[in-house]
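For reference, the structure discussed in these notes is given below.
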Amino acid sequence: FGTVFVDQSYWQGAIAARPSATYKGYLLGGLCWFAIPFTLATSLGLAGRALDLPITIDESNSGLVPPAVATHLMGKGGAFLITFQVFMAVISTAAAEQIAVSSLITFDVYKEYINPRATPRQMLTLGRAMVAVWACLSGVFAVILFKFELSLGWVYLFMGIIIGSAVFPVACSITWKKVSAKAAVVSSLTALPLAIMTWLVTAATLNDGKVTVDTTGQDYP
C-alpha cells in the first residue's frame, strides 16, 4: 500500500487524467501488474527451487533468482531478456519519480511558499533543474546503498517501514472530509518513529539483542 498511496507519480497521473479514464486505467494497470510477481517471483522462484540451482541467500536477497533461472533455461537469450526488462523498468520508474519530485518542489513548495507570483517560465526552469538534481541524488543514494552492501530485499523492507505510517492518513484524507492537514501530517510523523522502534525492538528481541543488517532484514521484523 505504501508504494502506491505515498508515491507522488501515481497521484500526479490520476489528477492529470480524465476521471472517466482514470479508474479504468488504474484497474487495468493493477490487473496487468500481477504478471510481474507471478512471473518473476512465483514462476521463476519455484523454478529455481525445482532446478536446484546453486543460488546463495545473498544472491537471492539481491534479486538474482530471475536472471539465474532465465539464463539456465534460455542461455544468453534469457539473460538478455531479463537485463532488457530490468533496464526498461528502471528507466520508466526513474523518469516518473524525477517528474514527481520536480512537480512537488516546483508547485507545492516553490510556488506555494517561496514565490507565489512565479511565472510559467520560472516554473519550467525550476522544474527542469529539479529533475537534474534529483537524478544526481538518486545516483548518489544508489552508490551509497551499494557500498553498504544492502540487499534489494532489505531496502524494500526499510522503505515499507518508513512510508507505511503515511498510508492511513493519506487514505483518510481522500475518503473523510473531516481530516485536517495538521492531523494528517502529525499522525504520519508520530507513527514514523514508532514504526522504526517496533522494527528494531522486534529484531533485537528475536535475535538475542543483535541489531544488524541481517537481523533487521529478516521477515519477522
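In the C-alpha cells, chains take letters A, B, ... by order of appearance, with residues numbered from 1 within each chain and ligands from 1 in the order shown.
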Would you mind listing what lies within 10 Å of His72 of chain A as a list in words, with only C-alpha atoms counted and same-chain residues fewer than 4 positions away left out? Gly48, Leu51, Leu53, Pro66, Pro67, Ala68, Lys76, Gly78 and Ala79 of chain A
DSSP on the backbone, then: every residue of segment 112-218 of chain A marked helix (DSSP H, G or I), written as a ChimeraX atom specification. /A:112-114,120-147,152-175,181-206,213-216
For Ala166 of chain A, work out the shell of residues within 12 Å, counting only C-alpha atoms and skipping chain neighbours fewer than 2 positions away, then give it as an MDAnalysis selection string. chainID A and resid 1:7 159:164 168:173 183:192 195
Write the residues you've just listed into a file as a CSV table (one decimal), in the first residue's frame, and include N, CA, C and O atoms for each of them.
```csv
chain,number,residue,atom,x,y,z
A,1,PHE,N,0.8,-1.2,0.0
A,1,PHE,CA,0.0,0.0,0.0
A,1,PHE,C,0.9,1.3,0.0
A,1,PHE,O,0.5,2.3,-0.6
A,2,GLY,N,2.0,1.2,0.7
A,2,GLY,CA,2.8,2.4,0.8
A,2,GLY,C,3.4,2.8,-0.5
A,2,GLY,O,3.5,4.0,-0.8
A,3,THR,N,3.8,1.9,-1.3
A,3,THR,CA,4.4,2.2,-2.6
A,3,THR,C,3.4,2.9,-3.6
A,3,THR,O,3.8,3.4,-4.6
A,4,VAL,N,2.1,2.8,-3.3
A,4,VAL,CA,1.1,3.4,-4.1
A,4,VAL,C,0.5,4.6,-3.5
A,4,VAL,O,0.5,5.7,-4.1
A,5,PHE,N,0.1,4.6,-2.2
A,5,PHE,CA,-0.5,5.7,-1.6
A,5,PHE,C,0.5,6.9,-1.3
A,5,PHE,O,0.1,8.0,-1.3
A,6,VAL,N,1.8,6.6,-1.2
A,6,VAL,CA,2.7,7.6,-0.8
A,6,VAL,C,3.6,7.9,-2.0
A,6,VAL,O,4.7,8.5,-1.9
A,7,ASP,N,3.2,7.5,-3.2
A,7,ASP,CA,4.0,7.7,-4.4
A,7,ASP,C,3.4,8.8,-5.2
A,7,ASP,O,2.3,8.7,-5.7
A,159,MET,N,12.0,0.6,3.2
A,159,MET,CA,11.1,1.6,2.6
A,159,MET,C,9.7,1.4,3.1
A,159,MET,O,9.0,2.4,3.4
A,160,GLY,N,9.2,0.2,3.2
A,160,GLY,CA,7.9,0.0,3.7
A,160,GLY,C,7.7,0.5,5.2
A,160,GLY,O,6.6,1.0,5.5
A,161,ILE,N,8.7,0.3,6.0
A,161,ILE,CA,8.6,0.8,7.4
A,161,ILE,C,8.6,2.3,7.4
A,161,ILE,O,7.9,2.9,8.2
A,162,ILE,N,9.4,2.9,6.6
A,162,ILE,CA,9.5,4.4,6.6
A,162,ILE,C,8.2,5.1,6.1
A,162,ILE,O,7.7,6.0,6.7
A,163,ILE,N,7.6,4.6,5.0
A,163,ILE,CA,6.5,5.2,4.4
A,163,ILE,C,5.2,4.7,4.8
A,163,ILE,O,4.1,5.2,4.5
A,164,GLY,N,5.2,3.5,5.5
A,164,GLY,CA,3.9,2.9,5.9
A,164,GLY,C,3.1,3.7,6.8
A,164,GLY,O,1.8,3.6,6.8
A,168,PHE,N,-2.3,5.3,6.1
A,168,PHE,CA,-3.6,5.6,6.7
A,168,PHE,C,-4.0,7.0,6.6
A,168,PHE,O,-5.2,7.4,6.3
A,169,PRO,N,-3.1,8.0,7.0
A,169,PRO,CA,-3.5,9.4,6.9
A,169,PRO,C,-3.9,9.8,5.5
A,169,PRO,O,-4.8,10.6,5.3
A,170,VAL,N,-3.1,9.3,4.5
A,170,VAL,CA,-3.4,9.7,3.1
A,170,VAL,C,-4.7,9.1,2.7
A,170,VAL,O,-5.6,9.8,2.0
A,171,ALA,N,-5.0,7.8,3.1
A,171,ALA,CA,-6.3,7.2,2.7
A,171,ALA,C,-7.4,8.0,3.3
A,171,ALA,O,-8.5,8.2,2.7
A,172,CYS,N,-7.3,8.4,4.6
A,172,CYS,CA,-8.4,9.1,5.3
A,172,CYS,C,-8.6,10.5,4.7
A,172,CYS,O,-9.7,11.0,4.6
A,173,SER,N,-7.5,11.1,4.2
A,173,SER,CA,-7.6,12.5,3.7
A,173,SER,C,-8.4,12.5,2.4
A,173,SER,O,-9.0,13.5,2.0
A,183,ALA,N,-3.8,17.2,11.1
A,183,ALA,CA,-4.0,15.8,11.7
A,183,ALA,C,-3.2,14.8,10.8
A,183,ALA,O,-2.6,13.8,11.3
A,184,ALA,N,-3.3,15.0,9.5
A,184,ALA,CA,-2.6,14.0,8.6
A,184,ALA,C,-1.1,14.1,8.8
A,184,ALA,O,-0.5,13.0,8.8
A,185,VAL,N,-0.6,15.3,8.9
A,185,VAL,CA,0.9,15.4,9.0
A,185,VAL,C,1.4,14.9,10.3
A,185,VAL,O,2.3,14.2,10.4
A,186,VAL,N,0.7,15.3,11.4
A,186,VAL,CA,1.1,14.9,12.7
A,186,VAL,C,1.0,13.4,12.9
A,186,VAL,O,1.9,12.8,13.5
A,187,SER,N,0.0,12.8,12.5
A,187,SER,CA,-0.2,11.4,12.6
A,187,SER,C,0.9,10.6,11.9
A,187,SER,O,1.4,9.6,12.4
A,188,SER,N,1.3,11.1,10.7
A,188,SER,CA,2.3,10.4,9.9
A,188,SER,C,3.7,10.6,10.6
A,188,SER,O,4.4,9.6,10.7
A,189,LEU,N,4.0,11.8,11.1
A,189,LEU,CA,5.3,12.0,11.8
A,189,LEU,C,5.3,11.3,13.1
A,189,LEU,O,6.4,10.9,13.6
A,190,THR,N,4.2,11.1,13.8
A,190,THR,CA,4.2,10.4,15.1
A,190,THR,C,4.4,8.9,14.9
A,190,THR,O,5.1,8.3,15.7
A,191,ALA,N,3.7,8.4,13.9
A,191,ALA,CA,3.8,6.9,13.6
A,191,ALA,C,5.2,6.5,13.1
A,191,ALA,O,5.6,5.3,13.3
A,192,LEU,N,5.9,7.4,12.5
A,192,LEU,CA,7.2,7.0,11.9
A,192,LEU,C,8.2,6.5,12.9
A,192,LEU,O,8.7,5.4,12.8
A,195,ALA,N,7.1,3.2,14.3
A,195,ALA,CA,7.4,2.1,13.3
A,195,ALA,C,8.8,1.6,13.4
A,195,ALA,O,9.1,0.4,13.4
```
Residues near Thr22 of chain A, cut-off 12 Å, only C-alpha atoms, skip fewer than 6 positions along chain, as a ChimeraX atom specification: /A:10-16,28-30
Output as a Markdown table one row per residue of segment 13-123 of chain A within 12 Å of segment 132-141 of chain A: the closest atom pair and its distance in Å to one decimal place, counting only C-alpha atoms, sorted by chain and residue number ascending.
```
| residue | atom | partner | partner_atom | distance |
| --- | --- | --- | --- | --- |
| A:Val90 | CA | A:Ser138 | CA | 11.7 |
| A:Ile91 | CA | A:Ala135 | CA | 11.2 |
| A:Thr93 | CA | A:Ala135 | CA | 11.7 |
| A:Ala94 | CA | A:Ala135 | CA | 7.9 |
| A:Ala95 | CA | A:Ala135 | CA | 8.8 |
| A:Ala96 | CA | A:Ala135 | CA | 11.1 |
| A:Glu97 | CA | A:Trp134 | CA | 8.8 |
| A:Gln98 | CA | A:Trp134 | CA | 6.1 |
| A:Ile99 | CA | A:Trp134 | CA | 9.2 |
| A:Ala100 | CA | A:Trp134 | CA | 10.1 |
| A:Val101 | CA | A:Trp134 | CA | 7.4 |
| A:Ser102 | CA | A:Trp134 | CA | 7.8 |
| A:Ser103 | CA | A:Trp134 | CA | 11.5 |
| A:Leu104 | CA | A:Trp134 | CA | 11.8 |
| A:Ile105 | CA | A:Trp134 | CA | 10.7 |
```
Writing out the chosen residues with N, CA, C and O atoms as a PDB file, in the first residue's frame:
```pdb
ATOM      1  N   VAL A  90      13.658   0.225 -14.770  1.00  0.00           N
ATOM      2  CA  VAL A  90      14.414   1.245 -14.047  1.00  0.00           C
ATOM      3  C   VAL A  90      14.262   2.602 -14.722  1.00  0.00           C
ATOM      4  O   VAL A  90      14.043   3.630 -14.057  1.00  0.00           O
ATOM      5  N   ILE A  91      14.354   2.627 -16.050  1.00  0.00           N
ATOM      6  CA  ILE A  91      14.232   3.883 -16.776  1.00  0.00           C
ATOM      7  C   ILE A  91      12.845   4.490 -16.588  1.00  0.00           C
ATOM      8  O   ILE A  91      12.685   5.686 -16.328  1.00  0.00           O
ATOM      9  N   THR A  93      10.616   3.894 -14.146  1.00  0.00           N
ATOM     10  CA  THR A  93      10.396   4.298 -12.758  1.00  0.00           C
ATOM     11  C   THR A  93      11.178   5.556 -12.413  1.00  0.00           C
ATOM     12  O   THR A  93      10.655   6.469 -11.760  1.00  0.00           O
ATOM     13  N   ALA A  94      12.432   5.604 -12.841  1.00  0.00           N
ATOM     14  CA  ALA A  94      13.265   6.773 -12.538  1.00  0.00           C
ATOM     15  C   ALA A  94      12.684   8.036 -13.162  1.00  0.00           C
ATOM     16  O   ALA A  94      12.647   9.102 -12.526  1.00  0.00           O
ATOM     17  N   ALA A  95      12.214   7.933 -14.402  1.00  0.00           N
ATOM     18  CA  ALA A  95      11.628   9.093 -15.071  1.00  0.00           C
ATOM     19  C   ALA A  95      10.378   9.576 -14.334  1.00  0.00           C
ATOM     20  O   ALA A  95      10.195  10.779 -14.108  1.00  0.00           O
ATOM     21  N   ALA A  96       9.517   8.640 -13.944  1.00  0.00           N
ATOM     22  CA  ALA A  96       8.285   9.009 -13.239  1.00  0.00           C
ATOM     23  C   ALA A  96       8.586   9.659 -11.895  1.00  0.00           C
ATOM     24  O   ALA A  96       7.953  10.654 -11.509  1.00  0.00           O
ATOM     25  N   GLU A  97       9.561   9.109 -11.154  1.00  0.00           N
ATOM     26  CA  GLU A  97       9.873   9.661  -9.835  1.00  0.00           C
ATOM     27  C   GLU A  97      10.545  11.021  -9.944  1.00  0.00           C
ATOM     28  O   GLU A  97      10.325  11.909  -9.112  1.00  0.00           O
ATOM     29  N   GLN A  98      11.382  11.217 -10.958  1.00  0.00           N
ATOM     30  CA  GLN A  98      12.026  12.515 -11.132  1.00  0.00           C
ATOM     31  C   GLN A  98      11.009  13.603 -11.445  1.00  0.00           C
ATOM     32  O   GLN A  98      11.071  14.710 -10.900  1.00  0.00           O
ATOM     33  N   ILE A  99      10.060  13.289 -12.305  1.00  0.00           N
ATOM     34  CA  ILE A  99       8.999  14.247 -12.622  1.00  0.00           C
ATOM     35  C   ILE A  99       8.133  14.515 -11.398  1.00  0.00           C
ATOM     36  O   ILE A  99       7.709  15.650 -11.141  1.00  0.00           O
ATOM     37  N   ALA A 100       7.863  13.464 -10.618  1.00  0.00           N
ATOM     38  CA  ALA A 100       7.022  13.619  -9.437  1.00  0.00           C
ATOM     39  C   ALA A 100       7.677  14.532  -8.406  1.00  0.00           C
ATOM     40  O   ALA A 100       7.047  15.446  -7.865  1.00  0.00           O
ATOM     41  N   VAL A 101       8.961  14.291  -8.121  1.00  0.00           N
ATOM     42  CA  VAL A 101       9.680  15.129  -7.161  1.00  0.00           C
ATOM     43  C   VAL A 101       9.797  16.562  -7.672  1.00  0.00           C
ATOM     44  O   VAL A 101       9.628  17.531  -6.919  1.00  0.00           O
ATOM     45  N   SER A 102      10.078  16.707  -8.956  1.00  0.00           N
ATOM     46  CA  SER A 102      10.171  18.038  -9.547  1.00  0.00           C
ATOM     47  C   SER A 102       8.859  18.805  -9.408  1.00  0.00           C
ATOM     48  O   SER A 102       8.855  19.991  -9.063  1.00  0.00           O
ATOM     49  N   SER A 103       7.735  18.142  -9.641  1.00  0.00           N
ATOM     50  CA  SER A 103       6.429  18.799  -9.520  1.00  0.00           C
ATOM     51  C   SER A 103       6.126  19.193  -8.085  1.00  0.00           C
ATOM     52  O   SER A 103       5.577  20.276  -7.819  1.00  0.00           O
ATOM     53  N   LEU A 104       6.465  18.315  -7.146  1.00  0.00           N
ATOM     54  CA  LEU A 104       6.228  18.627  -5.733  1.00  0.00           C
ATOM     55  C   LEU A 104       6.983  19.886  -5.310  1.00  0.00           C
ATOM     56  O   LEU A 104       6.421  20.789  -4.685  1.00  0.00           O
ATOM     57  N   ILE A 105       8.254  19.935  -5.643  1.00  0.00           N
ATOM     58  CA  ILE A 105       9.071  21.080  -5.233  1.00  0.00           C
ATOM     59  C   ILE A 105       8.661  22.348  -5.975  1.00  0.00           C
ATOM     60  O   ILE A 105       8.591  23.430  -5.394  1.00  0.00           O
TER      61      ILE A 105
END
```
